[in-house]
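Written out below as structure tokens is the structure these notes cover.
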Amino acid sequence: MAAPTSTPRKFLGRLSLPERTFVADALRAETVGGVLLLVAAVAALIWANTPLGDSYESVRDFHMGPSALGLDLSIEHWAADGLLALFFFVAGIELKRELVAGELREPKAAALPVIAAVCGMAMPALVYLVVTIAGGGSTEGWAVPTATDIAFALAVLAVIGTSLPSALRAFLLTLAVVDDLFAILIIAVFFTDELNFAALGGAVVGLGVFWLLLHKGVRGWYVYVPMALVIWGLTYNSGIHATIAGVAMGLMLRCTRREGEEHSPAERIEHLVRPLSAGLAVPLFALFSAGVIVSGDLLGDVFTEPEPLGVVLGLVVGKTLGIFGGTWLAARFTRAELNEDLAWPDVFAVAALAGIGFTVSLLIAELAFAGSPVLTEEVKAAVLMGSLIAAVFAAILLKMRVRKYNALVEAEERDDDQDGIPDIYEEDNPEYHLRMAAIYEEKAAEHRRKAELAGASHEGGDGPA
């Protein structure tokens, strides 16, 4: 007897209903944050390039904080090391959820997006290195074009009015989560020069206590917020970038629900913290990091100097080719079949959209070129220019398929029986079909009544004048 043939695994197939709901909720919040991020970036550029530019520098460079604790930092520094810890805390929760209940929980399902994300980080770094080595520039910024800013990417989708099918949105979200993971590792490994082992030991002990309290089910913001601040301060003074503390605490939260729980601790806390991250922390970071003084010379340097040119090409060319090429190769070797409703140009468009690197790219630029203010400004300008080019390129590609996307989104959201569950998820449910039959029978009866009334009216009007 012939051995049964295995069904090929679908790539970008339909999400389960809980996964679709989670993705929709998460991306809705990210979209709002992305629009605020876009507004903050534009505000920073306007503020820095008007006669008020001196006040921008004064505010950005103003120092505050307890110097005795090693925390006498500039506003810009507080935004990058302090507020962004909230962003990375949420990233840690998202990563934990993906590993426990999302796309990354099963190795076979995780292989394709992980390979795509890794290639989407390796190729931009390679492009940057080739450009800078050929041009005799500094290779220190190799990690700058490796990051994807999903909030900014979603803001672009909101601006151009394009809705992506849930499968493409989930793919973009998974890419961003894996991207964040590797960005965290890059920051922790490559941008840690000297370690203060006493402070590091204190941070580790603090994280241990934090985990123990979570494990014991202790509740109360008044317990965890002060503890988180202490852990953050110790991490900062240890020499490791302070945002790593946020990631570590996010990874410790439980993402699974226990009996009697409507939401897991991670879901509850993320619901509270995400608005602060997306609506306050990230926009303020953008406000004090994106204020590049734009001039003809600076724009010329972006496309002539090897470091900024490497960043632009890394974001626009490296990201697109890396993600698309990695996805195609992974699908080929894992024999995953692309969802028949989508096509490879759709994957290429999402890969181009992932070339928008903003928040983490700006952060890495500041870390990589901390000793060279001029080069830092050039590379920041390159991040802005590269992200803009990637956004325009992706918008053109996505607009070419917008009718297809709108039709798929409409089909995903249709709920003719109005039971709160999209009809596409109830095709195998007999009760759904019985409800629809009753609805159509009621409509048919109504139309028969209208036909009788129309006939009677027509006959009454045919008499003699």
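Just remember, in the structure tokens the first chain shown is A, the second B, etc., residues are 1-based per chain, and ligands are 1-based in the order shown.
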Can you list, as an mmCIF file with N, CA and C atoms, in the first residue's frame, every protein, DNA or RNA residue that comes within 9 Å of Ala43 of chain A when you count only C-alpha atoms, leaving out same-chain residues fewer than 4 positions away?
```
data_model
loop_
_atom_site.group_PDB
_atom_site.id
_atom_site.type_symbol
_atom_site.label_atom_id
_atom_site.label_comp_id
_atom_site.auth_asym_id
_atom_site.auth_seq_id
_atom_site.Cartn_x
_atom_site.Cartn_y
_atom_site.Cartn_z
ATOM 1 N N LEU A 38 5.454 59.356 13.676
ATOM 2 C CA LEU A 38 5.651 60.142 12.454
ATOM 3 C C LEU A 38 5.505 61.632 12.737
ATOM 4 N N VAL A 39 4.495 61.978 13.519
ATOM 5 C CA VAL A 39 4.284 63.389 13.880
ATOM 6 C C VAL A 39 5.467 63.919 14.688
ATOM 7 N N TRP A 47 11.458 71.742 14.234
ATOM 8 C CA TRP A 47 12.015 72.463 15.385
ATOM 9 C C TRP A 47 13.509 72.699 15.199
ATOM 10 N N ALA A 48 14.230 71.694 14.727
ATOM 11 C CA ALA A 48 15.685 71.826 14.597
ATOM 12 C C ALA A 48 16.109 72.689 13.414
ATOM 13 N N LEU A 287 11.392 62.599 19.014
ATOM 14 C CA LEU A 287 11.460 64.059 19.078
ATOM 15 C C LEU A 287 12.871 64.539 19.373
ATOM 16 N N ALA A 290 15.510 62.639 16.230
ATOM 17 C CA ALA A 290 15.352 62.846 14.786
ATOM 18 C C ALA A 290 15.575 64.292 14.369
ATOM 19 N N GLY A 291 15.931 65.159 15.307
ATOM 20 C CA GLY A 291 16.110 66.571 14.980
ATOM 21 C C GLY A 291 17.436 66.853 14.291
#
```
Fill in: Among listed residues A:Ala281, A:Ala80, A:Ile439, A:Ala134, nearest Ala40 of chain A (using only C-alpha atoms)
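Going through A:Ala281, A:Ala80, A:Ile439, A:Ala134 one by one, the smallest distance to Ala40 of chain A is for A:Ala281.
The shortest atom-to-atom distance to Asp301 of chain A, with only C-alpha atoms taken into account, belongs to A:Val374 out of A:Leu434, A:Arg97, A:Gly455, A:Val374.
Among the candidate residues A:Leu234, A:Ala198, A:Ala395, A:Cys119, the one lying nearest to Ser163 of chain A is A:Ala395, with distances computed using only C-alpha atoms.
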Worksheet item: For Gly137 of chain A, which residue among A:Ala368, A:Ala153, A:Ile293, A:Leu309 is the nearest when counting only C-alpha atoms?
Response: A:Leu309
Fill in: For segment 356-364 of chain A: contacts at 9 Å, only C-alpha atoms, fewer than 6 positions along chain excluded, given as a VMD selection string
chain A and resid 37 80 141 143 to 150 152 to 153 180 183 187 191 282 285 to 286 289 to 290 315 to 316 319 379 to 380 383 to 384 386 to 391
Selected residues written out, N, CA, C and O atoms, as a short mmCIF file (atom, residue, chain, number, x, y, z; two decimals), in the first residue's frame:
```
data_model
loop_
_atom_site.label_atom_id
_atom_site.label_comp_id
_atom_site.auth_asym_id
_atom_site.auth_seq_id
_atom_site.Cartn_x
_atom_site.Cartn_y
_atom_site.Cartn_z
N LEU A 37 4.51 58.67 16.21
CA LEU A 37 5.94 58.65 15.94
C LEU A 37 6.27 59.49 14.71
O LEU A 37 7.24 60.26 14.71
N ALA A 80 16.56 58.00 25.30
CA ALA A 80 17.13 56.81 24.66
C ALA A 80 17.30 55.66 25.64
O ALA A 80 17.01 54.51 25.31
N GLY A 141 29.13 51.07 11.99
CA GLY A 141 27.67 51.20 11.91
C GLY A 141 26.98 50.07 11.19
O GLY A 141 25.85 50.24 10.71
N ALA A 143 25.36 47.62 12.13
CA ALA A 143 24.07 47.19 12.69
C ALA A 143 22.95 48.21 12.49
O ALA A 143 21.79 47.89 12.71
N VAL A 144 23.29 49.43 12.05
CA VAL A 144 22.27 50.49 11.94
C VAL A 144 21.13 50.10 11.00
O VAL A 144 19.95 50.27 11.35
N PRO A 145 21.41 49.59 9.79
CA PRO A 145 20.28 49.31 8.87
C PRO A 145 19.60 47.96 9.09
O PRO A 145 18.76 47.57 8.27
N THR A 146 19.94 47.27 10.16
CA THR A 146 19.37 45.92 10.35
C THR A 146 17.98 45.94 10.98
O THR A 146 17.29 44.93 10.94
N ALA A 147 17.57 47.06 11.56
CA ALA A 147 16.33 47.08 12.35
C ALA A 147 15.13 47.48 11.50
O ALA A 147 15.24 48.26 10.55
N THR A 148 13.96 46.94 11.85
CA THR A 148 12.68 47.29 11.23
C THR A 148 11.81 47.96 12.28
O THR A 148 11.70 47.49 13.41
N ASP A 149 11.18 49.08 11.90
CA ASP A 149 10.28 49.78 12.82
C ASP A 149 8.85 49.51 12.39
O ASP A 149 8.33 50.14 11.47
N ILE A 150 8.20 48.54 13.05
CA ILE A 150 6.86 48.14 12.63
C ILE A 150 5.85 49.26 12.83
O ILE A 150 4.91 49.42 12.04
N PHE A 152 6.31 52.53 12.56
CA PHE A 152 6.45 53.46 11.45
C PHE A 152 5.89 52.83 10.17
O PHE A 152 5.23 53.50 9.37
N ALA A 153 6.14 51.54 9.96
CA ALA A 153 5.63 50.86 8.77
C ALA A 153 4.10 50.87 8.75
O ALA A 153 3.48 51.11 7.71
N ASP A 180 13.47 42.51 16.57
CA ASP A 180 13.74 43.12 17.88
C ASP A 180 14.65 42.24 18.73
O ASP A 180 15.53 42.73 19.44
N ALA A 183 18.11 42.64 17.48
CA ALA A 183 18.58 43.98 17.80
C ALA A 183 18.98 44.07 19.28
O ALA A 183 19.99 44.70 19.62
N ILE A 187 22.73 44.96 20.62
CA ILE A 187 23.01 46.05 21.58
C ILE A 187 23.73 45.51 22.80
O ILE A 187 24.70 46.10 23.29
N PHE A 191 27.67 46.57 22.00
CA PHE A 191 27.75 47.94 22.50
C PHE A 191 27.88 47.98 24.02
O PHE A 191 27.37 48.86 24.69
N VAL A 282 8.19 56.27 22.79
CA VAL A 282 8.79 56.25 21.45
C VAL A 282 8.68 57.60 20.75
O VAL A 282 9.66 58.08 20.16
N PHE A 285 11.31 59.86 22.24
CA PHE A 285 12.63 59.48 21.74
C PHE A 285 12.84 60.04 20.34
O PHE A 285 13.90 60.59 20.02
N ALA A 286 11.83 59.90 19.48
CA ALA A 286 11.94 60.42 18.11
C ALA A 286 12.10 61.93 18.12
O ALA A 286 12.88 62.49 17.33
N SER A 289 15.71 62.66 18.98
CA SER A 289 16.75 61.97 18.22
C SER A 289 16.70 62.28 16.73
O SER A 289 17.71 62.20 16.04
N ALA A 290 15.51 62.64 16.23
CA ALA A 290 15.35 62.85 14.79
C ALA A 290 15.57 64.29 14.37
O ALA A 290 15.44 64.62 13.18
N LEU A 315 19.05 49.72 4.12
CA LEU A 315 17.62 49.74 4.41
C LEU A 315 16.78 49.46 3.17
O LEU A 315 15.84 48.66 3.20
N VAL A 316 17.11 50.12 2.07
CA VAL A 316 16.27 50.04 0.88
C VAL A 316 16.52 48.75 0.09
O VAL A 316 15.59 48.05 -0.30
N LYS A 319 17.43 45.20 3.05
CA LYS A 319 16.25 44.68 3.72
C LYS A 319 15.32 43.96 2.75
O LYS A 319 14.85 42.84 3.01
N VAL A 379 24.59 59.83 9.75
CA VAL A 379 23.96 58.51 9.76
C VAL A 379 22.50 58.61 10.16
O VAL A 379 21.64 57.90 9.62
N LYS A 380 22.16 59.50 11.10
CA LYS A 380 20.76 59.71 11.44
C LYS A 380 19.98 60.22 10.23
O LYS A 380 18.86 59.77 9.96
N VAL A 383 19.31 57.36 8.03
CA VAL A 383 18.20 56.53 8.51
C VAL A 383 16.87 57.14 8.08
O VAL A 383 15.97 56.43 7.58
N LEU A 384 16.73 58.46 8.24
CA LEU A 384 15.51 59.13 7.83
C LEU A 384 15.30 59.03 6.33
O LEU A 384 14.19 58.73 5.86
N GLY A 386 16.71 56.85 4.13
CA GLY A 386 16.49 55.46 3.73
C GLY A 386 15.09 54.98 4.06
O GLY A 386 14.44 54.30 3.25
N SER A 387 14.58 55.35 5.25
CA SER A 387 13.23 54.95 5.65
C SER A 387 12.19 55.60 4.74
O SER A 387 11.18 54.98 4.38
N LEU A 388 12.44 56.87 4.37
CA LEU A 388 11.51 57.57 3.47
C LEU A 388 11.47 56.90 2.09
O LEU A 388 10.39 56.67 1.53
N ILE A 389 12.64 56.57 1.56
CA ILE A 389 12.69 55.92 0.24
C ILE A 389 12.01 54.55 0.30
O ILE A 389 11.23 54.19 -0.59
N ALA A 390 12.28 53.79 1.36
CA ALA A 390 11.66 52.48 1.52
C ALA A 390 10.14 52.61 1.63
O ALA A 390 9.39 51.80 1.06
N ALA A 391 9.68 53.64 2.34
CA ALA A 391 8.24 53.85 2.50
C ALA A 391 7.57 54.17 1.17
O ALA A 391 6.50 53.63 0.85
#
```
Discussion item. Just want the 10 Å neighbourhood of segment 256-266 of chain A, counted on only C-alpha atoms, with same-chain residues fewer than 4 positions away dropped. Output as a list in words.
Written reply: Val90, Ile93, Glu94, Lys96, Arg97, Val100, Ala101, Leu214, Gly217, Arg219, Gly250, Leu251, Met252, Glu270, His271 and Leu272 of chain A
Non-local contacts of Phe182 of chain A (10 Å; only C-alpha atoms; under 3 positions in same chain excluded) as a short mmCIF file (atom, residue, chain, number, x, y, z; two decimals) with N, CA, C and O atoms, in the first residue's frame:
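Output file part22.cif follows:
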```
data_model
loop_
_atom_site.label_atom_id
_atom_site.label_comp_id
_atom_site.auth_asym_id
_atom_site.auth_seq_id
_atom_site.Cartn_x
_atom_site.Cartn_y
_atom_site.Cartn_z
N ALA A 117 13.67 36.79 8.73
CA ALA A 117 14.14 37.90 9.57
C ALA A 117 15.66 37.92 9.67
O ALA A 117 16.28 38.99 9.62
N VAL A 118 16.27 36.74 9.82
CA VAL A 118 17.73 36.68 9.91
C VAL A 118 18.37 37.18 8.61
O VAL A 118 19.31 37.99 8.63
N MET A 121 18.27 40.83 8.29
CA MET A 121 19.23 41.58 9.08
C MET A 121 20.65 41.38 8.56
O MET A 121 21.47 42.31 8.57
N THR A 146 19.94 47.27 10.16
CA THR A 146 19.37 45.92 10.35
C THR A 146 17.98 45.94 10.98
O THR A 146 17.29 44.93 10.94
N ALA A 147 17.57 47.06 11.56
CA ALA A 147 16.33 47.08 12.35
C ALA A 147 15.13 47.48 11.50
O ALA A 147 15.24 48.26 10.55
N ALA A 176 9.08 41.60 12.75
CA ALA A 176 9.50 42.67 13.65
C ALA A 176 9.89 42.13 15.03
O ALA A 176 10.85 42.62 15.64
N VAL A 177 9.18 41.10 15.51
CA VAL A 177 9.50 40.52 16.82
C VAL A 177 10.88 39.86 16.78
O VAL A 177 11.71 40.07 17.68
N VAL A 178 11.14 39.05 15.75
CA VAL A 178 12.46 38.42 15.62
C VAL A 178 13.53 39.47 15.41
O VAL A 178 14.63 39.38 15.96
N ASP A 179 13.19 40.50 14.64
CA ASP A 179 14.10 41.62 14.40
C ASP A 179 14.48 42.27 15.72
O ASP A 179 15.66 42.57 15.98
N LEU A 185 20.07 41.57 21.12
CA LEU A 185 21.34 40.85 21.26
C LEU A 185 22.50 41.68 20.74
O LEU A 185 23.58 41.70 21.34
N ILE A 186 22.30 42.37 19.63
CA ILE A 186 23.36 43.21 19.06
C ILE A 186 23.74 44.31 20.05
O ILE A 186 24.92 44.56 20.30
N ILE A 187 22.73 44.96 20.62
CA ILE A 187 23.01 46.05 21.58
C ILE A 187 23.73 45.51 22.80
O ILE A 187 24.70 46.10 23.29
N ALA A 188 23.28 44.35 23.30
CA ALA A 188 23.88 43.79 24.52
C ALA A 188 25.31 43.32 24.29
O ALA A 188 26.18 43.51 25.14
#
```
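Of the listed residues (A:Val247, A:Pro345, A:Glu140, A:Ala411), A:Ala411 comes nearest to Ile424 of chain A; the distances count only C-alpha atoms.
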Discussion item. Give me the residues near segment 398-400 of chain A as a PyMOL selection string, where near means some atom within 9 Å (using only C-alpha atoms) and where sequence neighbours in that chain fewer than 6 positions away do not count.
Written reply: chain A and resi 157+160+162+164+346+349-350
Keeping only N, CA, C and O atoms, write the selected residues as an mmCIF file, in the first residue's frame.
```
data_model
loop_
_atom_site.group_PDB
_atom_site.id
_atom_site.type_symbol
_atom_site.label_atom_id
_atom_site.label_comp_id
_atom_site.auth_asym_id
_atom_site.auth_seq_id
_atom_site.Cartn_x
_atom_site.Cartn_y
_atom_site.Cartn_z
ATOM 1 N N LEU A 157 1.166 52.567 6.184
ATOM 2 C CA LEU A 157 -0.045 51.915 5.679
ATOM 3 C C LEU A 157 -1.289 52.759 5.975
ATOM 4 O O LEU A 157 -2.187 52.875 5.135
ATOM 5 N N ILE A 160 -1.329 55.864 3.562
ATOM 6 C CA ILE A 160 -1.671 55.572 2.169
ATOM 7 C C ILE A 160 -3.014 54.857 2.054
ATOM 8 O O ILE A 160 -3.509 54.623 0.948
ATOM 9 N N THR A 162 -4.005 51.734 2.972
ATOM 10 C CA THR A 162 -3.962 50.346 2.508
ATOM 11 C C THR A 162 -4.098 49.400 3.693
ATOM 12 O O THR A 162 -3.347 49.504 4.655
ATOM 13 N N LEU A 164 -3.789 45.517 4.882
ATOM 14 C CA LEU A 164 -3.197 44.247 4.477
ATOM 15 C C LEU A 164 -4.027 43.085 5.003
ATOM 16 O O LEU A 164 -4.579 43.172 6.107
ATOM 17 N N ASP A 346 3.492 40.146 -3.392
ATOM 18 C CA ASP A 346 2.998 40.631 -2.095
ATOM 19 C C ASP A 346 4.079 40.501 -1.025
ATOM 20 O O ASP A 346 4.239 41.384 -0.175
ATOM 21 N N ALA A 349 6.599 43.236 -1.576
ATOM 22 C CA ALA A 349 6.130 44.538 -1.093
ATOM 23 C C ALA A 349 6.276 44.660 0.417
ATOM 24 O O ALA A 349 6.695 45.708 0.941
ATOM 25 N N VAL A 350 5.943 43.581 1.157
ATOM 26 C CA VAL A 350 6.103 43.601 2.614
ATOM 27 C C VAL A 350 7.578 43.679 2.984
ATOM 28 O O VAL A 350 7.957 44.371 3.944
#
```
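With only C-alpha atoms as the atoms that count, the minimum distance from Gly92 of chain A to the choices A:Leu353, A:Ala248, A:Leu342, A:Ile240 is reached by A:Ala248.
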Practice prompt. Extract, using only C-alpha atoms, all DNA, RNA and protein residues at most 10 Å from Leu284 of chain A, discarding same-chain residues fewer than 6 positions from it, and format them as a PyMOL selection string.
Written response: chain A and resi 36-37+40-41+44+75-76+78-80+83-84+277-278+290
Item to complete: Can you check which residues of segment 272-419 of chain A DSSP gives as helix (DSSP H, G or I) on the backbone and send them as a ChimeraX atom specification?
Response: /A:272-289,296-302,306-334,344-353,359-368,373-399,402-413
